[in-house]
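File shown: upload12.cif (mmCIF, C-alpha atoms).
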```cif
data_query
#
loop_
_atom_site.group_PDB
_atom_site.id
_atom_site.type_symbol
_atom_site.label_atom_id
_atom_site.label_comp_id
_atom_site.auth_asym_id
_atom_site.auth_seq_id
_atom_site.Cartn_x
_atom_site.Cartn_y
_atom_site.Cartn_z
ATOM 1 C CA MET A 1 41.341 -48.916 -100.431
ATOM 2 C CA MET A 2 39.862 -47.963 -103.767
ATOM 3 C CA ARG A 3 38.832 -44.336 -103.936
ATOM 4 C CA GLN A 4 35.191 -43.782 -104.731
ATOM 5 C CA SER A 5 34.075 -41.031 -107.037
ATOM 6 C CA TYR A 6 31.185 -39.223 -105.394
ATOM 7 C CA ALA A 7 31.208 -36.197 -107.623
ATOM 8 C CA ASN A 8 28.823 -37.528 -110.246
ATOM 9 C CA GLU A 9 26.847 -39.972 -108.155
ATOM 10 C CA ILE A 10 24.176 -37.545 -106.998
ATOM 11 C CA PRO A 11 22.569 -34.892 -109.223
ATOM 12 C CA MET A 12 24.149 -31.488 -108.850
ATOM 13 C CA THR A 13 21.071 -29.394 -108.242
ATOM 14 C CA ILE A 14 19.207 -29.109 -104.988
ATOM 15 C CA GLU A 15 16.232 -26.831 -104.613
ATOM 16 C CA VAL A 16 16.040 -23.709 -102.504
ATOM 17 C CA GLN A 17 14.826 -23.976 -98.929
ATOM 18 C CA SER A 18 11.366 -22.526 -99.607
ATOM 19 C CA THR A 19 10.680 -25.202 -102.246
ATOM 20 C CA ARG A 20 11.918 -27.971 -99.983
ATOM 21 C CA ARG A 21 9.737 -26.695 -97.160
ATOM 22 C CA LEU A 22 6.752 -26.714 -99.514
ATOM 23 C CA TRP A 23 7.324 -30.434 -100.187
ATOM 24 C CA VAL A 24 7.622 -31.181 -96.473
ATOM 25 C CA SER A 25 4.379 -29.251 -95.879
ATOM 26 C CA LEU A 26 2.668 -31.148 -98.701
ATOM 27 C CA LEU A 27 3.803 -34.458 -97.236
ATOM 28 C CA TYR A 28 2.759 -33.921 -93.635
ATOM 29 C CA GLY A 29 -0.161 -31.598 -94.374
ATOM 30 C CA GLY A 30 -1.520 -34.009 -96.972
ATOM 31 C CA TRP A 31 -1.109 -36.925 -94.613
ATOM 32 C CA ALA A 32 -2.863 -35.154 -91.737
ATOM 33 C CA GLY A 33 -5.546 -33.812 -94.076
ATOM 34 C CA ALA A 34 -6.254 -37.284 -95.480
ATOM 35 C CA ILE A 35 -6.710 -38.742 -92.008
ATOM 36 C CA VAL A 36 -8.973 -35.898 -90.898
ATOM 37 C CA ALA A 37 -11.061 -36.013 -94.107
ATOM 38 C CA TRP A 38 -11.388 -39.780 -93.882
ATOM 39 C CA SER A 39 -12.415 -39.722 -90.238
ATOM 40 C CA ILE A 40 -15.009 -36.995 -90.959
ATOM 41 C CA GLY A 41 -16.371 -38.846 -93.980
ATOM 42 C CA MET A 42 -16.667 -42.283 -92.442
ATOM 43 C CA PRO A 43 -19.960 -41.774 -90.588
ATOM 44 C CA LEU A 44 -21.479 -39.657 -93.394
ATOM 45 C CA HIS A 45 -23.624 -40.832 -96.309
ATOM 46 C CA GLY A 46 -24.339 -39.761 -99.873
ATOM 47 C CA ALA A 47 -22.865 -36.649 -101.451
ATOM 48 C CA ALA A 48 -21.285 -35.462 -98.212
ATOM 49 C CA GLN A 49 -19.352 -38.689 -97.923
ATOM 50 C CA THR A 50 -18.315 -38.538 -101.596
ATOM 51 C CA ALA A 51 -16.985 -35.021 -101.027
ATOM 52 C CA THR A 52 -14.894 -36.159 -98.080
ATOM 53 C CA TRP A 53 -13.557 -39.120 -100.085
ATOM 54 C CA ILE A 54 -12.491 -36.721 -102.822
ATOM 55 C CA ALA A 55 -10.840 -34.494 -100.225
ATOM 56 C CA THR A 56 -9.097 -37.556 -98.795
ATOM 57 C CA GLY A 57 -7.839 -38.488 -102.250
ATOM 58 C CA LEU A 58 -6.559 -34.981 -102.950
ATOM 59 C CA CYS A 59 -4.766 -34.818 -99.615
ATOM 60 C CA ALA A 60 -3.245 -38.258 -100.205
ATOM 61 C CA LEU A 61 -2.116 -37.121 -103.660
ATOM 62 C CA ALA A 62 -0.466 -34.020 -102.155
ATOM 63 C CA ALA A 63 1.298 -36.237 -99.617
ATOM 64 C CA LEU A 64 2.491 -38.549 -102.387
ATOM 65 C CA ILE A 65 3.824 -35.625 -104.449
ATOM 66 C CA GLY A 66 5.751 -34.336 -101.415
ATOM 67 C CA PHE A 67 7.026 -37.843 -100.748
ATOM 68 C CA ALA A 68 8.180 -38.381 -104.340
ATOM 69 C CA LYS A 69 9.972 -35.017 -104.448
ATOM 70 C CA LEU A 70 11.753 -35.574 -101.141
ATOM 71 C CA MET A 71 12.770 -39.129 -101.986
ATOM 72 C CA ALA A 72 14.494 -38.032 -105.206
ATOM 73 C CA ARG A 73 18.177 -38.811 -105.575
ATOM 74 C CA THR A 74 19.598 -35.557 -104.176
ATOM 75 C CA PRO A 75 21.963 -34.735 -101.296
ATOM 76 C CA ILE A 76 18.874 -33.798 -99.254
ATOM 77 C CA ASN A 77 17.802 -37.437 -99.310
ATOM 78 C CA ALA A 78 21.141 -38.656 -97.909
ATOM 79 C CA PRO A 79 19.426 -40.747 -95.185
ATOM 80 C CA ASN A 80 17.832 -42.958 -97.826
ATOM 81 C CA LEU A 81 20.755 -43.220 -100.247
ATOM 82 C CA GLU A 82 23.256 -46.041 -100.207
ATOM 83 C CA ASP A 83 26.514 -45.450 -98.319
ATOM 84 C CA ALA A 84 28.609 -45.811 -101.466
ATOM 85 C CA VAL A 85 27.388 -42.498 -102.899
ATOM 86 C CA LEU A 86 27.851 -40.456 -99.716
ATOM 87 C CA ASP A 87 31.061 -38.654 -98.888
ATOM 88 C CA GLU A 88 32.131 -37.810 -95.349
ATOM 89 C CA ARG A 89 30.162 -34.540 -95.154
ATOM 90 C CA LEU A 90 26.959 -36.179 -96.359
ATOM 91 C CA VAL A 91 27.496 -39.053 -93.909
ATOM 92 C CA GLN A 92 27.838 -36.509 -91.080
ATOM 93 C CA MET A 93 24.707 -34.701 -92.263
ATOM 94 C CA ARG A 94 22.789 -38.001 -92.503
ATOM 95 C CA ASP A 95 23.921 -39.156 -89.054
ATOM 96 C CA ALA A 96 22.943 -35.844 -87.450
ATOM 97 C CA ALA A 97 19.492 -36.026 -89.071
ATOM 98 C CA MET A 98 19.072 -39.655 -87.981
ATOM 99 C CA ARG A 99 19.974 -38.705 -84.403
ATOM 100 C CA THR A 100 17.480 -35.851 -84.317
ATOM 101 C CA ALA A 101 14.776 -38.016 -85.922
ATOM 102 C CA TYR A 102 15.366 -40.770 -83.361
ATOM 103 C CA ARG A 103 14.998 -38.309 -80.483
ATOM 104 C CA LEU A 104 11.810 -36.850 -81.974
ATOM 105 C CA LEU A 105 10.327 -40.292 -82.568
ATOM 106 C CA TYR A 106 11.279 -41.418 -79.072
ATOM 107 C CA VAL A 107 9.323 -38.518 -77.583
ATOM 108 C CA ALA A 108 6.416 -38.895 -80.043
ATOM 109 C CA VAL A 109 6.056 -42.654 -79.537
ATOM 110 C CA SER A 110 6.277 -42.275 -75.754
ATOM 111 C CA LEU A 111 3.545 -39.627 -75.746
ATOM 112 C CA ALA A 112 1.353 -41.547 -78.209
ATOM 113 C CA GLY A 113 1.786 -44.745 -76.199
ATOM 114 C CA ALA A 114 0.866 -43.002 -72.969
ATOM 115 C CA ALA A 115 -2.161 -41.365 -74.623
ATOM 116 C CA LEU A 116 -3.365 -44.669 -76.105
ATOM 117 C CA PHE A 117 -2.877 -46.492 -72.827
ATOM 118 C CA THR A 118 -4.895 -43.855 -71.014
ATOM 119 C CA LEU A 119 -7.675 -43.699 -73.604
ATOM 120 C CA VAL A 120 -8.075 -47.433 -74.243
ATOM 121 C CA LEU A 121 -7.268 -49.061 -70.917
ATOM 122 C CA VAL A 122 -7.972 -46.392 -68.322
ATOM 123 C CA ASN A 123 -10.776 -45.039 -70.515
ATOM 124 C CA PRO A 124 -11.539 -41.818 -68.637
ATOM 125 C CA LEU A 125 -13.838 -40.504 -71.380
ATOM 126 C CA GLY A 126 -15.693 -43.749 -71.992
ATOM 127 C CA CYS A 127 -14.559 -43.805 -75.601
ATOM 128 C CA ALA A 128 -12.587 -47.075 -75.692
ATOM 129 C CA LYS A 129 -15.242 -48.698 -77.878
ATOM 130 C CA ALA A 130 -14.554 -46.204 -80.665
ATOM 131 C CA PHE A 131 -11.054 -47.577 -81.021
ATOM 132 C CA THR A 132 -12.334 -51.081 -81.674
ATOM 133 C CA ILE A 133 -15.081 -50.020 -84.092
ATOM 134 C CA ASN A 134 -12.800 -48.374 -86.665
ATOM 135 C CA ARG A 135 -10.141 -51.046 -86.734
ATOM 136 C CA THR A 136 -9.360 -50.589 -90.424
ATOM 137 C CA PHE A 137 -8.926 -46.862 -90.010
ATOM 138 C CA PHE A 138 -6.874 -47.336 -86.870
ATOM 139 C CA ALA A 139 -4.649 -49.983 -88.515
ATOM 140 C CA PHE A 140 -4.145 -47.883 -91.626
ATOM 141 C CA THR A 141 -3.175 -44.715 -89.779
ATOM 142 C CA SER A 142 -0.945 -46.631 -87.351
ATOM 143 C CA LEU A 143 0.854 -48.416 -90.166
ATOM 144 C CA PHE A 144 1.209 -45.215 -92.132
ATOM 145 C CA SER A 145 2.459 -43.304 -89.098
ATOM 146 C CA ALA A 146 4.797 -46.047 -87.908
ATOM 147 C CA VAL A 147 6.317 -47.050 -91.235
ATOM 148 C CA PHE A 148 5.956 -44.244 -93.741
ATOM 149 C CA LEU A 149 6.635 -41.165 -91.626
ATOM 150 C CA PRO A 150 9.696 -42.376 -89.664
ATOM 151 C CA LEU A 151 11.197 -43.564 -92.948
ATOM 152 C CA ILE A 152 11.114 -40.053 -94.373
ATOM 153 C CA LEU A 153 11.599 -38.056 -91.148
ATOM 154 C CA PRO A 154 15.423 -37.676 -91.355
ATOM 155 C CA THR A 155 15.084 -36.492 -94.956
ATOM 156 C CA THR A 156 12.375 -33.984 -94.058
ATOM 157 C CA LEU A 157 14.559 -32.659 -91.234
ATOM 158 C CA ILE A 158 17.389 -32.012 -93.688
ATOM 159 C CA ALA A 159 15.019 -30.572 -96.293
ATOM 160 C CA TRP A 160 13.537 -28.197 -93.726
ATOM 161 C CA THR A 161 16.753 -26.995 -92.079
ATOM 162 C CA ALA A 162 19.442 -27.095 -94.789
ATOM 163 C CA PRO A 163 20.298 -23.549 -95.900
ATOM 164 C CA ASP A 164 20.034 -22.397 -99.477
ATOM 165 C CA PRO A 165 23.059 -23.351 -101.539
ATOM 166 C CA PRO A 166 25.018 -20.436 -103.018
ATOM 167 C CA ALA A 167 23.815 -19.262 -106.414
ATOM 168 C CA ASP A 168 26.761 -20.827 -108.238
ATOM 169 C CA GLU A 169 25.871 -24.257 -106.865
ATOM 170 C CA LEU A 170 22.253 -24.257 -107.981
ATOM 171 C CA MET B 171 19.437 -21.841 -89.676
ATOM 172 C CA SER B 172 21.993 -19.308 -90.783
ATOM 173 C CA ARG B 173 24.989 -20.268 -92.890
ATOM 174 C CA GLU B 174 27.330 -19.513 -89.980
ATOM 175 C CA LYS B 175 25.681 -22.105 -87.740
ATOM 176 C CA ARG B 176 26.657 -25.212 -89.586
ATOM 177 C CA ILE B 177 27.721 -28.730 -88.800
ATOM 178 C CA ASP B 178 30.952 -27.534 -87.231
ATOM 179 C CA SER B 179 29.472 -24.779 -85.083
ATOM 180 C CA GLY B 180 31.245 -24.538 -81.770
ATOM 181 C CA ARG B 181 34.553 -25.787 -83.116
ATOM 182 C CA PRO B 182 37.377 -23.437 -84.074
ATOM 183 C CA PRO B 183 37.318 -23.014 -87.836
ATOM 184 C CA ILE B 184 39.977 -24.513 -90.055
ATOM 185 C CA ILE B 185 41.052 -22.012 -92.672
ATOM 186 C CA ASN B 186 42.109 -23.340 -96.038
ATOM 187 C CA ARG B 187 43.472 -22.234 -99.375
ATOM 188 C CA LEU B 188 41.457 -24.638 -101.502
ATOM 189 C CA ALA B 189 39.713 -21.887 -103.470
ATOM 190 C CA VAL B 190 43.020 -20.182 -104.315
ATOM 191 C CA LEU B 191 44.697 -23.447 -105.264
ATOM 192 C CA ARG B 192 41.732 -24.510 -107.374
ATOM 193 C CA ALA B 193 41.715 -21.148 -109.178
ATOM 194 C CA GLU B 194 45.476 -21.322 -109.720
ATOM 195 C CA ARG B 195 45.107 -24.655 -111.471
ATOM 196 C CA GLY B 196 42.017 -23.610 -113.405
ATOM 197 C CA LEU B 197 39.895 -26.388 -111.957
ATOM 198 C CA SER B 198 36.128 -26.408 -111.619
ATOM 199 C CA ARG B 199 34.540 -27.531 -108.365
ATOM 200 C CA GLN B 200 33.369 -30.645 -110.152
ATOM 201 C CA GLN B 201 36.903 -31.523 -111.259
ATOM 202 C CA LEU B 202 38.356 -30.961 -107.803
ATOM 203 C CA ALA B 203 35.509 -32.981 -106.280
ATOM 204 C CA GLU B 204 36.296 -35.889 -108.589
ATOM 205 C CA ALA B 205 39.995 -35.642 -107.761
ATOM 206 C CA LEU B 206 39.346 -35.619 -104.020
ATOM 207 C CA GLY B 207 36.586 -38.221 -104.168
ATOM 208 C CA VAL B 208 33.861 -36.077 -102.610
ATOM 209 C CA ASN B 209 30.510 -34.668 -103.671
ATOM 210 C CA TYR B 210 30.908 -31.435 -105.634
ATOM 211 C CA GLN B 211 28.968 -29.473 -103.002
ATOM 212 C CA THR B 212 31.435 -30.570 -100.356
ATOM 213 C CA VAL B 213 34.144 -28.634 -102.182
ATOM 214 C CA GLY B 214 31.997 -25.494 -101.841
ATOM 215 C CA TYR B 215 31.466 -26.186 -98.140
ATOM 216 C CA LEU B 216 35.217 -26.653 -97.659
ATOM 217 C CA GLU B 217 36.110 -23.500 -99.584
ATOM 218 C CA ARG B 218 33.654 -21.406 -97.581
ATOM 219 C CA GLY B 219 34.985 -22.841 -94.315
ATOM 220 C CA GLU B 220 31.598 -24.321 -93.476
ATOM 221 C CA TYR B 221 32.904 -27.840 -93.173
ATOM 222 C CA ASN B 222 36.096 -29.046 -91.505
ATOM 223 C CA PRO B 223 37.619 -31.942 -93.451
ATOM 224 C CA SER B 224 38.681 -35.217 -91.898
ATOM 225 C CA LEU B 225 42.391 -35.951 -91.667
ATOM 226 C CA GLU B 226 41.944 -38.441 -94.513
ATOM 227 C CA LEU B 227 40.425 -35.795 -96.780
ATOM 228 C CA ALA B 228 43.073 -33.240 -95.779
ATOM 229 C CA PHE B 229 45.784 -35.735 -96.759
ATOM 230 C CA ARG B 230 44.035 -36.398 -100.067
ATOM 231 C CA ALA B 231 44.029 -32.646 -100.802
ATOM 232 C CA SER B 232 47.662 -32.427 -99.778
ATOM 233 C CA GLU B 233 48.612 -35.289 -102.109
ATOM 234 C CA TYR B 234 46.550 -33.893 -104.960
ATOM 235 C CA PHE B 235 48.050 -30.394 -104.794
ATOM 236 C CA ASP B 236 51.470 -31.811 -103.917
ATOM 237 C CA LEU B 237 51.763 -29.441 -100.987
ATOM 238 C CA PRO B 238 52.239 -30.008 -97.256
ATOM 239 C CA ILE B 239 49.001 -30.033 -95.276
ATOM 240 C CA GLU B 240 49.994 -26.871 -93.397
ATOM 241 C CA ALA B 241 50.256 -25.023 -96.719
ATOM 242 C CA ILE B 242 46.575 -25.794 -97.403
ATOM 243 C CA PHE B 243 44.946 -25.894 -93.961
ATOM 244 C CA SER B 244 45.602 -23.714 -90.934
ATOM 245 C CA ARG B 245 44.105 -22.793 -87.570
ATOM 246 C CA SER B 246 45.020 -19.129 -88.060
ATOM 247 C CA PRO B 247 44.437 -16.910 -91.108
ATOM 248 C CA PHE B 248 46.977 -17.314 -93.885
ATOM 249 C CA THR B 249 49.245 -14.437 -94.836
ATOM 250 C CA PRO B 250 48.210 -13.268 -98.320
ATOM 251 C CA MET B 251 50.379 -14.855 -101.003
ATOM 252 C CA SER B 252 51.348 -11.427 -102.410
ATOM 253 C CA GLU B 253 52.672 -10.445 -98.995
ATOM 254 C CA GLN B 254 54.483 -13.736 -98.560
ATOM 255 C CA LEU B 255 56.113 -13.579 -101.981
ATOM 256 C CA TYR B 256 56.784 -9.879 -102.411
ATOM 257 C CA GLY B 257 56.222 -8.269 -99.041
ATOM 258 C CA ALA B 258 53.337 -6.229 -100.426
ATOM 259 C CA THR B 259 50.437 -5.316 -98.131
ATOM 260 C CA PRO B 260 47.128 -3.621 -99.007
ATOM 261 C CA ASP B 261 48.210 -0.340 -97.353
ATOM 262 C CA LYS B 262 51.778 -0.548 -98.674
ATOM 263 C CA PRO B 263 51.906 -1.803 -102.261
ATOM 264 C CA ARG B 264 55.402 -2.879 -103.167
ATOM 265 C CA VAL B 265 55.334 -1.608 -106.735
ATOM 266 C CA GLN B 266 54.835 2.182 -106.861
ATOM 267 C CA ARG B 267 53.841 3.687 -110.203
#
```
Kindly present the structure from the file in structure tokens form.
Amino acid sequence: MMRQSYANEIPMTIEVQSTRRLWVSLLYGGWAGAIVAWSIGMPLHGAAQTATWIATGLCALAALIGFAKLMARTPINAPNLEDAVLDERLVQMRDAAMRTAYRLLYVAVSLAGAALFTLVLVNPLGCAKAFTINRTFFAFTSLFSAVFLPLILPTTLIAWTAPDPPADEL
Amino acid sequence: MSREKRIDSGRPPIINRLAVLRAERGLSRQQLAEALGVNYQTVGYLERGEYNPSLELAFRASEYFDLPIEAIFSRSPFTPMSEQLYGATPDKPRVQR
């Protein structure tokens, strides 16, 4: 088997934990903020609505910055890099993050499914109609939550938990 | 998460002499990483005992340094080389001046 050279495949520097956590916060905070701002702004009119659209845009921009930083070609983003550039330690790290992400998503999807079932079909609060009115909003947030966030979740787990590298490795 | 609680937490540590051998040969981490076919950070993890190598990687290190595996990796702490070679210990230096 031909030996692969991993040493130069991924950039040498990875940021300190506090910086990585800032990106994760920007990503999820921006995402949540955009959804909240959008849902507040939808029924409004005039300047108030414009303000909420601007807030939505800023939050989305923050989320995109966090996303771009986390998806960079660094060891932190091992879950989204091709196998050929990962050595055995990075493969272990990626697999552990994937496992944790799967468990988290399993719980989150189960809870969200149960909540949706209760709200839409059982309809204890009489609010089922609201879910059909804002179909675009509902579709957008569902797609975003189902596709975008699970894609990046293993990377954010590594970015959040990986300890600071020693000074001579920065 | 503290540095001590790493991927291999719960397993007995494998002690190695990679840092000493690398220093002896005047290699950088990057050079050793290229020779072993791993990411440069993995060399740091190995040297600090924060990652236990696979048997394949241990054999690669053994071949690269041209030493038996047990001379590089061990379950118990290595005897210092000065003590092995000259019988000197920190409390009993061999050469008295």
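Put simply, CA of Pro150 in chain A is 26.5 Å away from CA of Met42 in chain A.
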Listed atoms of range 23-40 of chain A, axis-aligned box, 6 Å per side: centre and edge lengths to one decimal in Å, as JSON?
```
{"center_x": -3.7, "center_y": -34.5, "center_z": -95.2, "size_x": 34.6, "size_y": 22.5, "size_z": 21.9}
```
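Across B:Leu255, B:Leu216, B:Leu237, B:Leu225, the tightest approach to Asn186 in chain B is made by B:Leu216 when counting all atoms listed in the file.
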Contact set, chain B to chain A: 6 Å, all atoms listed in the file, as a PyMOL selection string: chain B and resi 203-204+207-210
Residue nearest Thr212 in chain B - candidates B:Phe235, B:Leu188, B:Pro250, B:Leu197, atoms counted: all atoms listed in the file: B:Leu188
Gap from CA of Ile76 in chain A to CA of Ala146 in chain A - Å, one decimal: 21.8 Å
Written as a CSV table (one decimal) with C-alpha atoms, in the frame of the given file, which residues does the PyMOL selection byres ((chain B and resi 244) around 7) give for the file shown?
```
chain,number,residue,atom,x,y,z
B,184,ILE,CA,40.0,-24.5,-90.1
B,185,ILE,CA,41.1,-22.0,-92.7
B,186,ASN,CA,42.1,-23.3,-96.0
B,240,GLU,CA,50.0,-26.9,-93.4
B,242,ILE,CA,46.6,-25.8,-97.4
B,243,PHE,CA,44.9,-25.9,-94.0
B,245,ARG,CA,44.1,-22.8,-87.6
B,246,SER,CA,45.0,-19.1,-88.1
B,247,PRO,CA,44.4,-16.9,-91.1
```
Explicit residues for the PyMOL selection byres ((chain A and resi 154) around 12) (as a PyMOL selection string): chain A and resi 24+70-71+76-81+93-105+148-153+155-162
Point-to-point distance from CA of Gly66 in chain A to CA of Ser145 in chain A, Å rounded to tenths: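 Atom-to-atom, CA of Gly66 in chain A to CA of Ser145 in chain A, that is 15.6 Å.
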Residue nearest Arg199 in chain B - candidates B:Ile239, B:Val213, B:Leu227, B:Met251, atoms counted: only C-alpha atoms: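 Counting only C-alpha atoms, the residue closest to Arg199 in chain B is B:Val213.
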Resolved residues for the PyMOL selection byres ((chain A and resi 56) around 10) as a list in words: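 That selection, the PyMOL selection byres ((chain A and resi 56) around 10), comes back as Gly30, Trp31, Ala32, Gly33, Ala34, Ile35, Val36, Ala37, Trp38, Ser39, Ile40, Gly41, Thr50, Ala51, Thr52, Trp53, Ile54, Ala55, Gly57, Leu58, Cys59, Ala60, Leu61 and Ala62 of chain A.
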Would you mind completing range 42-65 of chain A to N, CA and C atoms and writing the output as a short mmCIF file (atom, residue, chain, number, x, y, z; two decimals), keeping the file's coordinate frame?
```
data_model
loop_
_atom_site.label_atom_id
_atom_site.label_comp_id
_atom_site.auth_asym_id
_atom_site.auth_seq_id
_atom_site.Cartn_x
_atom_site.Cartn_y
_atom_site.Cartn_z
N MET A 42 -16.25 -40.90 -92.73
CA MET A 42 -16.67 -42.28 -92.44
C MET A 42 -18.12 -42.43 -91.97
N PRO A 43 -18.56 -41.59 -91.03
CA PRO A 43 -19.96 -41.77 -90.59
C PRO A 43 -20.99 -41.12 -91.52
N LEU A 44 -20.54 -40.37 -92.51
CA LEU A 44 -21.48 -39.66 -93.39
C LEU A 44 -22.03 -40.58 -94.48
N HIS A 45 -23.03 -40.07 -95.20
CA HIS A 45 -23.62 -40.83 -96.31
C HIS A 45 -23.84 -39.91 -97.50
N GLY A 46 -23.97 -40.50 -98.67
CA GLY A 46 -24.34 -39.76 -99.87
C GLY A 46 -23.28 -38.79 -100.36
N ALA A 47 -23.76 -37.63 -100.82
CA ALA A 47 -22.86 -36.65 -101.45
C ALA A 47 -21.82 -36.12 -100.48
N ALA A 48 -22.23 -35.97 -99.22
CA ALA A 48 -21.28 -35.46 -98.21
C ALA A 48 -20.10 -36.41 -98.06
N GLN A 49 -20.43 -37.71 -98.06
CA GLN A 49 -19.35 -38.69 -97.92
C GLN A 49 -18.45 -38.69 -99.17
N THR A 50 -19.09 -38.58 -100.35
CA THR A 50 -18.32 -38.54 -101.60
C THR A 50 -17.34 -37.35 -101.57
N ALA A 51 -17.84 -36.21 -101.09
CA ALA A 51 -16.98 -35.02 -101.03
C ALA A 51 -15.78 -35.26 -100.11
N THR A 52 -16.01 -35.91 -99.00
CA THR A 52 -14.89 -36.16 -98.08
C THR A 52 -13.93 -37.19 -98.66
N TRP A 53 -14.47 -38.15 -99.44
CA TRP A 53 -13.56 -39.12 -100.08
C TRP A 53 -12.68 -38.42 -101.12
N ILE A 54 -13.29 -37.48 -101.83
CA ILE A 54 -12.49 -36.72 -102.82
C ILE A 54 -11.41 -35.91 -102.10
N ALA A 55 -11.81 -35.27 -101.01
CA ALA A 55 -10.84 -34.49 -100.22
C ALA A 55 -9.72 -35.40 -99.71
N THR A 56 -10.10 -36.59 -99.28
CA THR A 56 -9.10 -37.56 -98.80
C THR A 56 -8.12 -37.89 -99.92
N GLY A 57 -8.68 -38.14 -101.10
CA GLY A 57 -7.84 -38.49 -102.25
C GLY A 57 -6.89 -37.36 -102.62
N LEU A 58 -7.41 -36.13 -102.60
CA LEU A 58 -6.56 -34.98 -102.95
C LEU A 58 -5.44 -34.81 -101.93
N CYS A 59 -5.79 -34.96 -100.67
CA CYS A 59 -4.77 -34.82 -99.62
C CYS A 59 -3.72 -35.92 -99.75
N ALA A 60 -4.18 -37.14 -100.04
CA ALA A 60 -3.24 -38.26 -100.20
C ALA A 60 -2.33 -38.01 -101.41
N LEU A 61 -2.91 -37.43 -102.46
CA LEU A 61 -2.12 -37.12 -103.66
C LEU A 61 -1.04 -36.09 -103.33
N ALA A 62 -1.44 -35.05 -102.57
CA ALA A 62 -0.47 -34.02 -102.16
C ALA A 62 0.66 -34.65 -101.35
N ALA A 63 0.29 -35.56 -100.44
CA ALA A 63 1.30 -36.24 -99.62
C ALA A 63 2.23 -37.06 -100.50
N LEU A 64 1.66 -37.72 -101.50
CA LEU A 64 2.49 -38.55 -102.39
C LEU A 64 3.44 -37.69 -103.23
N ILE A 65 2.95 -36.52 -103.67
CA ILE A 65 3.82 -35.62 -104.45
C ILE A 65 5.01 -35.17 -103.58
#
```
